[in-house]
Amino acid sequence: MSADDRQAASQRAVGLLGLGSNVGERRSRLQAAVDALPAAGVDVLASSSTYDTDPVGDVLDQPSFLNACLRVATALRPLELLDAVKQIERDLGRAAGGLRHGPRAIDIDVLLLGDAELVHPRMTLPHEQLLTRRFVLVPALELDFATTLPDGRRLADALAALPLAEGVRWAGPPLGV
C-alpha cells in the first residue's frame with residue numbers, strides 16, 4: 001500500500017446509514033440503494049437484516065416500511081455524504097418536496113459518521129432521532145450491539161428505554177453487499 005493509499009484509508013470514517021421504503025418493491029429499492037453507494041464514494045461494509053415496520057411520525061395511515069441499516073466507510077465529509085445519499089434517493093425515484101414522514105420510494109438517513117458531531121441547518125450528527133426510533137435501533141444493534149454515540153451513550157440503552165408500541169418485525173436476511 002502506497003503512502004497516499006494509507007493516508008486515504010486513515011481519513012475514511014466508518015458510519016451508519018438507515019434505509020427505508022414503503023412504496024413498490026421495497027426490498028428491491030433498498031438493494032438498489034446499496035448497489036448505488038460505491039459509485040458515490042461510500043463502501044458498504046455490512047447490512048442488517050430487513051425489518052417490516054409500522055409508520056411513525058405525522059402520517060400513520062400509509063403502508064408499512066421495510067427498513068435496514070448499513071455499516072459504511074467513506075472519505076466524504078458529513079455534508080458531502082448527505083448530498084451523495086440525497087442524489088441516490090432522487091435517482092431511485094424519490095420525489096423532492098414530498099410529504100414529511102409520508103410514503104416514499106426510498107429514504108437514506110445518515111445516522112452516524114465516525115465521531116463526527118454536527119449541527120447544521122441541513123443535518124444533525126448523530127441523527128437527531130437515532131435514539132428514539134425502534135425501527136433504526138433494532139437493525140443498527142444487529143450490526144454491532146456495542147455501538148455508542150460520540151458522547152458515549154449506548155444505542156442498546158436507548159432501545160431498552162423505548163416503549164414496545166412501535167412495531168418492528170424481522171422481514172428477511174441482510175441486503176447484498
# chains A, B, ... in the order shown; residues from 1 in each chain; ligands from 1
>>> select_by_dssp(residues="range 6-158 of chain A", states="strand (DSSP E or B)", output="number ranges by chain")
A: 13-21, 42-47, 50-53, 65-74, 107-113, 118-120, 123-125, 148, 154
>>> residues_around(residues="Val44 in chain A", least_positions_apart="3", cutoff="8 Å", atoms="only C-alpha atoms", output="list of chain:residue names")
A:Val34, A:Leu37, A:Pro38, A:Ser47, A:Leu70, A:Arg71, A:Val72, A:Ala73, A:Val177
>>> write_last_selection(atoms="C-alpha atoms", output="short mmCIF file (atom, residue, chain, number, x, y, z; two decimals), in the first residue's frame")
data_model
loop_
_atom_site.label_atom_id
_atom_site.label_comp_id
_atom_site.auth_asym_id
_atom_site.auth_seq_id
_atom_site.Cartn_x
_atom_site.Cartn_y
_atom_site.Cartn_z
CA VAL A 34 -26.91 -0.39 -1.50
CA LEU A 37 -23.47 3.74 -2.81
CA PRO A 38 -19.99 2.63 -4.01
CA SER A 47 -26.07 -4.83 6.09
CA LEU A 70 -25.77 -0.33 6.73
CA ARG A 71 -22.27 -0.05 8.15
CA VAL A 72 -20.31 2.04 5.64
CA ALA A 73 -16.87 3.57 5.18
CA VAL A 177 -23.19 -6.05 -0.08
#
>>> residues_around(residues="Ala156 in chain A", least_positions_apart="5", cutoff="8 Å", atoms="only C-alpha atoms", output="ChimeraX atom specification")
/A:137,141,145-147
>>> residues_around(residues="Arg133 in chain A", least_positions_apart="6", cutoff="10 Å", atoms="only C-alpha atoms", output="list of chain:residue names")
A:Val56, A:Ala158, A:Leu159, A:Leu162, A:Glu166
>>> write_last_selection(atoms="C-alpha atoms", output="mmCIF file, in the first residue's frame")
data_model
loop_
_atom_site.group_PDB
_atom_site.id
_atom_site.type_symbol
_atom_site.label_atom_id
_atom_site.label_comp_id
_atom_site.auth_asym_id
_atom_site.auth_seq_id
_atom_site.Cartn_x
_atom_site.Cartn_y
_atom_site.Cartn_z
ATOM 1 C CA VAL A 56 -44.253 6.619 12.799
ATOM 2 C CA ALA A 158 -31.742 3.787 24.267
ATOM 3 C CA LEU A 159 -33.568 0.779 22.820
ATOM 4 C CA LEU A 162 -38.266 2.760 24.464
ATOM 5 C CA GLU A 166 -43.592 0.737 17.726
#
>>> closest_residue(among="A:Pro103, A:Gly167, A:Pro139, A:Pro78", to="Ser48 in chain A", atoms="only C-alpha atoms")
A:Pro139
>>> atom_distance(atom1="CA of Val168 in chain A", atom2="CA of Leu45 in chain A")
23.4 Å
>>> atom_distance(atom1="CA of Pro55 in chain A", atom2="CA of Leu30 in chain A")
16.8 Å
>>> residues_around(residues="range 107-113 of chain A", least_positions_apart="5", cutoff="9 Å", atoms="only C-alpha atoms", output="PyMOL selection string")
chain A and resi 13-21+30+33+72-74+77-78+81-82+85-86+88-89+94+123-130+136+149-150
>>> select_by_dssp(residues="range 6-112 of chain A", states="alpha helix (DSSP H)", output="ChimeraX atom specification")
/A:6-10,26-36,78-91
>>> atom_distance(atom1="CA of Val23 in chain A", atom2="CA of Arg90 in chain A")
14.2 Å
>>> decode(residues="range 57-112 of chain A", atoms="C-alpha atoms", output="PDB file, in the first residue's frame")
ATOM      1  CA  GLY A  57     -44.409  10.389  12.825  1.00  0.00           C
ATOM      2  CA  ASP A  58     -47.063  12.649  11.362  1.00  0.00           C
ATOM      3  CA  VAL A  59     -48.576  10.268   8.767  1.00  0.00           C
ATOM      4  CA  LEU A  60     -49.680   6.942  10.238  1.00  0.00           C
ATOM      5  CA  ASP A  61     -52.207   5.999   7.528  1.00  0.00           C
ATOM      6  CA  GLN A  62     -49.767   4.545   4.993  1.00  0.00           C
ATOM      7  CA  PRO A  63     -48.200   1.171   4.145  1.00  0.00           C
ATOM      8  CA  SER A  64     -45.592  -0.320   6.453  1.00  0.00           C
ATOM      9  CA  PHE A  65     -41.921   0.310   5.759  1.00  0.00           C
ATOM     10  CA  LEU A  66     -39.086  -2.045   5.062  1.00  0.00           C
ATOM     11  CA  ASN A  67     -36.022  -0.821   6.947  1.00  0.00           C
ATOM     12  CA  ALA A  68     -32.381  -1.835   7.274  1.00  0.00           C
ATOM     13  CA  CYS A  69     -29.124  -0.313   8.485  1.00  0.00           C
ATOM     14  CA  LEU A  70     -25.769  -0.333   6.733  1.00  0.00           C
ATOM     15  CA  ARG A  71     -22.267  -0.046   8.151  1.00  0.00           C
ATOM     16  CA  VAL A  72     -20.314   2.036   5.636  1.00  0.00           C
ATOM     17  CA  ALA A  73     -16.875   3.574   5.185  1.00  0.00           C
ATOM     18  CA  THR A  74     -16.230   6.800   3.315  1.00  0.00           C
ATOM     19  CA  ALA A  75     -13.803   9.676   2.982  1.00  0.00           C
ATOM     20  CA  LEU A  76     -16.756  12.011   2.346  1.00  0.00           C
ATOM     21  CA  ARG A  77     -17.381  14.696   4.939  1.00  0.00           C
ATOM     22  CA  PRO A  78     -20.860  14.766   6.526  1.00  0.00           C
ATOM     23  CA  LEU A  79     -22.497  17.273   4.159  1.00  0.00           C
ATOM     24  CA  GLU A  80     -20.854  15.608   1.145  1.00  0.00           C
ATOM     25  CA  LEU A  81     -22.260  12.273   2.304  1.00  0.00           C
ATOM     26  CA  LEU A  82     -25.691  13.845   2.743  1.00  0.00           C
ATOM     27  CA  ASP A  83     -25.526  15.245  -0.812  1.00  0.00           C
ATOM     28  CA  ALA A  84     -24.490  11.819  -2.141  1.00  0.00           C
ATOM     29  CA  VAL A  85     -27.348   9.925  -0.472  1.00  0.00           C
ATOM     30  CA  LYS A  86     -29.916  12.569  -1.462  1.00  0.00           C
ATOM     31  CA  GLN A  87     -28.781  12.219  -5.084  1.00  0.00           C
ATOM     32  CA  ILE A  88     -29.188   8.437  -4.838  1.00  0.00           C
ATOM     33  CA  GLU A  89     -32.694   8.970  -3.447  1.00  0.00           C
ATOM     34  CA  ARG A  90     -33.581  11.169  -6.439  1.00  0.00           C
ATOM     35  CA  ASP A  91     -32.022   8.679  -8.877  1.00  0.00           C
ATOM     36  CA  LEU A  92     -34.137   5.898  -7.338  1.00  0.00           C
ATOM     37  CA  GLY A  93     -37.425   7.762  -7.688  1.00  0.00           C
ATOM     38  CA  ARG A  94     -37.879   9.805  -4.535  1.00  0.00           C
ATOM     39  CA  ALA A  95     -39.668  12.990  -5.458  1.00  0.00           C
ATOM     40  CA  ALA A  96     -38.337  16.197  -3.944  1.00  0.00           C
ATOM     41  CA  GLY A  97     -40.630  18.075  -1.592  1.00  0.00           C
ATOM     42  CA  GLY A  98     -42.854  15.154  -0.649  1.00  0.00           C
ATOM     43  CA  LEU A  99     -44.974  14.993   2.475  1.00  0.00           C
ATOM     44  CA  ARG A 100     -42.736  14.824   5.569  1.00  0.00           C
ATOM     45  CA  HIS A 101     -42.959  11.314   7.065  1.00  0.00           C
ATOM     46  CA  GLY A 102     -45.220  10.335   4.165  1.00  0.00           C
ATOM     47  CA  PRO A 103     -44.906   7.420   1.738  1.00  0.00           C
ATOM     48  CA  ARG A 104     -41.575   7.250  -0.071  1.00  0.00           C
ATOM     49  CA  ALA A 105     -39.837   5.052  -2.584  1.00  0.00           C
ATOM     50  CA  ILE A 106     -36.521   5.322  -0.733  1.00  0.00           C
ATOM     51  CA  ASP A 107     -35.185   7.095   2.307  1.00  0.00           C
ATOM     52  CA  ILE A 108     -31.500   7.122   3.214  1.00  0.00           C
ATOM     53  CA  ASP A 109     -30.545   8.715   6.523  1.00  0.00           C
ATOM     54  CA  VAL A 110     -27.007   9.439   7.718  1.00  0.00           C
ATOM     55  CA  LEU A 111     -27.200   8.233  11.317  1.00  0.00           C
ATOM     56  CA  LEU A 112     -23.549   8.283  12.438  1.00  0.00           C
TER      57      LEU A 112
END
